[in-house]
Structures are given as C-alpha cells and as structure tokens.
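Have a look at the structure below before the remarks.
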Amino acid sequence: MIIRDPTPLRESFLPNRIIHRDSHISALRETIRPLVEGTQARHAFIHGPTGTGKTCTSRYVSEGIAEETSLQSVYINCWEHSSRYAVLFRILESLGSALTAHRKGSAPDELILMMRKRLESSGLVVMLDEVDALTDFSILYDLILLERVSILMISNRDTALSGVDDRIRSRLSSMENIHFTRYSRDELIDILRDRADLGILPDKVPPTLMRRIAESSGGDARAALSMLMVAAEKAESSGLETIPDKLPEVGKIPEKDLTEHLNEYQRLLLEIIKERGEIDSATLYKELISASSRAGMEKIVDRTFRNYVSALSDRNLVKISGTGRWTRYSAQ
DNA sequence: CTTCCACCGGAACCGTGGGAAA
DNA sequence: TTTCCCACGGTTCCGGTGGAAG
C-alpha cells in the first residue's frame with residue numbers, strides 16, 4: 001500500500017489551503033470585497049501559465065467567501081460552455097433555478113431577467129475559466145450590467161481578452177490584473193509535500209524524488225502532481241513498498257483530456273497531421289475527405305473543415321505556420 | 001501593372017431537436 | 001397532440017487577400 005487517497009493528487013482537487021499564493025489570495029479577496037459590502041462590484045483578469053494555481057486559487061477564494069457570507073459563487077469552464085446562452089444557463093443552474101429555466105425555448109433576455117431576480121438577495125462571483133474559449137464575449141457585457149456580479153476571467157494567455165469590443169473593454173478598464181508566475185523549485189516541493197501528506201502514506205516518497213519532480217516540471221504544479229501520481233500508481237501496481245527514486249515516464253498531459261470534446265472529423269484531422277508531419281490546407285482537406293469516406297462518414301464541406309481546423313489550433317492541438325494560401329499545419 | 005487563382009473567414013441561412021404552451 | 005420558439009452545428013454565399021501568371 002502506498003496511496004492513501006488519490007483525490008488530492010488529481011487536478012480537480014480543491015485543497016483547503018493554498019500555499020505560496022498569499023499575495024494572489026489577498027488580491028482576489030480585495031476584488032470580491034466590494035460585492036460583499038454591497039458597493040460597486042469589481043472584476044479581475046487572472047492570467048499566467050498552466051499549473052500555476054490560477055483556477056485553484058480563484059475557486060479557493062471565492063468559494064471560501066461564499067461559505068462565510070451570503071455571496072454565491074459559480075465556476076464555469078468556457079470550453080464546455082462557450083456560448084452566451086450556455087454560460088447563462090450554467091449560472092442559473094448552479095443558482096438552483098434549473099427547474100424553472102428550461103434548456104431550450106427561452107430567450108437569453110429571459111434568463112438574464114431571471115438572474116437579476118435571484119441576485120436581489122445576494123451577490124454572485126462568476127469564474128470564467130479559459131475565458132478565451134468563449135465564442136461570444138457579449139456574455140461579459142450581460143454580467144457587467146447585472147451589477148451584483150464580480151467576474152473573474154481566467155486564462156493562460158494574457159491576450160485572452162483582445163477580442164472583446166470597446167463597449168465591454170471600457171467597462172472592464174478598472175479591473176484587477178492578477179498575474180500568476182511559475183512556481184520555483186522549492187515552492188513546488190512544498191506543494192508536492194502538502195498533497196503527498198494527504199494522498200500518500202507516510203515515508204513512501206523519497207525526498208530526492210520530490211526534488212527531481214519539482215526540477216523537471218518547469219514550475220508547473222499540475223505536471224508535478226501528475227508525475228507524482230503516476231510514480232505512486234506504478235509503484236503500487238508493481239507491489240513495491242515505497243516509490244522508487246526515479247522519474248516516472250509520463251507524457252506532458254494525457255492525450256485524452258485534450259481530445260475529449262473533439263468530434264470524429266477532428267480526431268481524423270489530428271491523425272493525418274501527425275502522420276504527415278507538415279501539411280498544407282488543400283492536401284489536408286483532400287486527405288480528410290478520403291479518410292472519412294473510408295470510415296463510412298459523411299462528406300463535409302470545405303468551410304466546415306476550416307472551422308474544425310481552427311478549433312484545433314485554438315486548442316493548441318495543431319500548429320499553424322504561414323498565412324493565407326500558404327498556411328501549413330503540423331502537430332503541436 | 002492587372003488579372004487570376006486558391007484559400008480564408010464572416011455572416012446569413014437552414015435543419016434538427018428539445019421543451020413549453022396551446 | 002400540435003404548434004411555436006429557440007440554440008446549435010453545419011452549410012451556403014461571398015467579399016477579402018496576396019502570390020502567381022500574363
């Protein structure tokens with residue numbers, strides 16, 4: 001036995017204390033405070049590389065405040081809820097209005113009205129994770145106009161909001177800019193130790209392994225934790241008593257997570273691109289058509305193909321070089 | 001320099017499917 | 001049950017773009 005409880009090592013785990021993010025925590029608290037006090041709500045743009053604790057810290061702060069006060073807090077991943085309507089619906093759902101808000105058949109304005117009603121009694125913190133995945137930024141405007149809402153926009157690109165129009169931009173001009181930097185080696189060791197205490201039985205992880213993992217994960221806590229998890233699982237399944245002091249072989253991020261919500265055409269596209277190395281648009285489309293007909297799939301039109309490819313590049317699954325007619329695609 | 005070509009991507013449009021109201 | 005309303009994904013339409021060809 002090595003693993004006590006796998007959940008603290010998983011990405012989705014929300015710890016009850018956050019280490020090495022004190023200044024970020026207080027910045028976030030300051031952002032939300034006016035809402036608690038009933039004055040003008042403030043917003044924040046939270047950015048920084050993956051695995052630096054953006055999501056974790058935001059949830060920790062806003063869910064913590066929600067527990068102590070009448071404030072409510074909603075977390076939304078914009079990859080899963082990317083349209084204005086989907087975000088609105090998700091908010092209402094988590095406010096407990098799902099039964100009265102039906103999935104289809106009501107105009108967005110109705111949903112907003114419904115929300116306004118719910119917000120008479122309490123303020124709301126809306127976390128929009130991966131905010132650049134929104135297909136329609138007008139939801140930001142909707143939320144700003146509700147007044148009793150603090151928006152926390154999270155992204156790993158600091159240019160994530162470059163697409164918003166001036167009407168929204170000017171309303172957001174006073175928002176907090178909270179930047180998360182990569183963890184240092186020692187900070188990562190602290191985090192690993194903290195989670196290992198919760199998830200792994202005592203004295204199972206050699207301290208030197210912690211250091212190796214911290215050094216090789218490039219300041220990315222997510223990568224470090226998944227490495228530790230893999231090492232622990234491997235040792236346990238091969239019946240060892242302790243985890244060997246050796247870096248586990250682990251791909252950056254499990255492929256499945258990234259390709260989860262792709263359709264079958266996009267998966268085919270990825271296969272073709274991976275196989276060919278680098279490929280131009282026209283050939284890629286031809287290959288897709290022949291591959292898909294071989295697989296007994298419907299033919300898709302070239303415009304749809306372009307939509308799929310650009311979705312793939314938005315998700316950093318393919319790399320685009322060149323522009324216009326000379327665009328070439330390669331595996332990321 | 002002008003025209004052509006192949007592709008890009010915005011926008012309007014359409015079919016589908018789910019839920020609510022009649 | 002039928003009718004209506006709506007979001008969503010995909011298609012159609014079309015103007016834009018920039019190197020190649022004339």
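Naming works like this for the structure tokens: A, B, ... for the chains as they're shown, residue 1 at the start of each chain, ligands 1 onward in shown order.
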
task: Find the spatial neighbours of range 14-19 of chain C, counting only C-alpha atoms (C1' of nucleotides), within a cut-off of 10 Å - ignore same-chain residues fewer than 5 positions away - and output them as an MDAnalysis selection string.
output: (chainID A and resid 323:326) or (chainID B and resid 5 7:11)

Show me which bits of chain C are within 12 Å of chain A, counting only C-alpha atoms (C1' of nucleotides), as a PDB file with C-alpha atoms (C1' of nucleotides), in the first residue's frame.
ATOM      1  C1'  DC C   4     -44.270  27.527 -31.526  1.00  0.00           C
ATOM      2  C1'  DC C   5     -39.786  29.118 -30.028  1.00  0.00           C
ATOM      3  C1'  DC C   6     -35.141  28.712 -29.575  1.00  0.00           C
ATOM      4  C1'  DA C   7     -29.954  27.152 -29.619  1.00  0.00           C
ATOM      5  C1'  DC C   8     -26.663  24.769 -32.109  1.00  0.00           C
ATOM      6  C1'  DG C   9     -23.893  22.742 -35.673  1.00  0.00           C
ATOM      7  C1'  DG C  10     -23.154  22.750 -40.215  1.00  0.00           C
ATOM      8  C1'  DT C  11     -23.787  24.706 -44.984  1.00  0.00           C
ATOM      9  C1'  DT C  12     -24.132  28.325 -48.416  1.00  0.00           C
ATOM     10  C1'  DC C  13     -22.736  32.575 -50.026  1.00  0.00           C
ATOM     11  C1'  DG C  16     -11.085  39.747 -48.969  1.00  0.00           C
ATOM     12  C1'  DT C  17      -6.178  38.544 -49.561  1.00  0.00           C
ATOM     13  C1'  DG C  18      -1.759  38.054 -51.606  1.00  0.00           C
ATOM     14  C1'  DG C  19       1.423  35.443 -54.515  1.00  0.00           C
ATOM     15  C1'  DA C  20       1.495  33.780 -59.394  1.00  0.00           C
TER      16       DA C  20
END

query: If you run DSSP on the backbone, which residues of range 4-102 of chain A are alpha helix (DSSP H), as a PyMOL selection string?
result: chain A and resi 22-37+54-68+84-92

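For the choices B:DC13, B:DC1, B:DA22, B:DA6, the atom-to-atom distance to chain A is smallest for B:DA6 when using only C-alpha atoms (C1' of nucleotides).
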
task: Measure the distance from CA of Ile144 in chain A to CA of Ser82 in chain A in Å and round it to one decimal.
output: 17.5 Å

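CA of Gly199 in chain A is found 16.6 Å from CA of Ile213 in chain A.
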
message: Set the distance at 12 Å and use only C-alpha atoms (C1' of nucleotides): which residues neighbour Ile168 in chain A once local chain neighbours fewer than 4 positions away are removed? I'd like the list as a ChimeraX atom specification.
response: /A:136-145,161-164,172-175

Writing out the chosen residues with C-alpha atoms as a PDB file, in the first residue's frame:
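part12.pdb, freshly written:
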ATOM      1  CA  ASP A 136     -19.244  35.271 -27.899  1.00  0.00           C
ATOM      2  CA  PHE A 137     -17.917  37.830 -25.447  1.00  0.00           C
ATOM      3  CA  SER A 138     -21.273  39.568 -25.124  1.00  0.00           C
ATOM      4  CA  ILE A 139     -21.923  37.449 -22.041  1.00  0.00           C
ATOM      5  CA  LEU A 140     -19.350  39.664 -20.315  1.00  0.00           C
ATOM      6  CA  TYR A 141     -21.487  42.682 -21.048  1.00  0.00           C
ATOM      7  CA  ASP A 142     -24.585  40.914 -19.731  1.00  0.00           C
ATOM      8  CA  LEU A 143     -22.820  40.107 -16.494  1.00  0.00           C
ATOM      9  CA  ILE A 144     -21.387  43.596 -16.070  1.00  0.00           C
ATOM     10  CA  LEU A 145     -24.846  45.113 -16.452  1.00  0.00           C
ATOM     11  CA  LEU A 161      -9.359  39.498 -23.903  1.00  0.00           C
ATOM     12  CA  SER A 162      -8.021  41.123 -27.055  1.00  0.00           C
ATOM     13  CA  GLY A 163     -11.157  40.065 -28.917  1.00  0.00           C
ATOM     14  CA  VAL A 164     -13.651  41.941 -26.747  1.00  0.00           C
ATOM     15  CA  LEU A 172     -13.608  46.428 -17.747  1.00  0.00           C
ATOM     16  CA  SER A 173     -10.921  49.074 -17.779  1.00  0.00           C
ATOM     17  CA  SER A 174     -10.809  49.232 -13.998  1.00  0.00           C
ATOM     18  CA  MET A 175     -10.493  45.503 -13.495  1.00  0.00           C
TER      19      MET A 175
END

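Taking CA of Met1 in chain A and CA of Asp203 in chain A as endpoints, the distance between them is 11.6 Å.
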
query: Which polymer residues have any atom within 12 Å of an atom of Gly296 in chain A, counting only C-alpha atoms (C1' of nucleotides), with same-chain residues fewer than 4 positions away left out, as a list in words?
result: Glu264, Tyr265, Ile289, Ser290, Ala291 and Ser292 of chain A
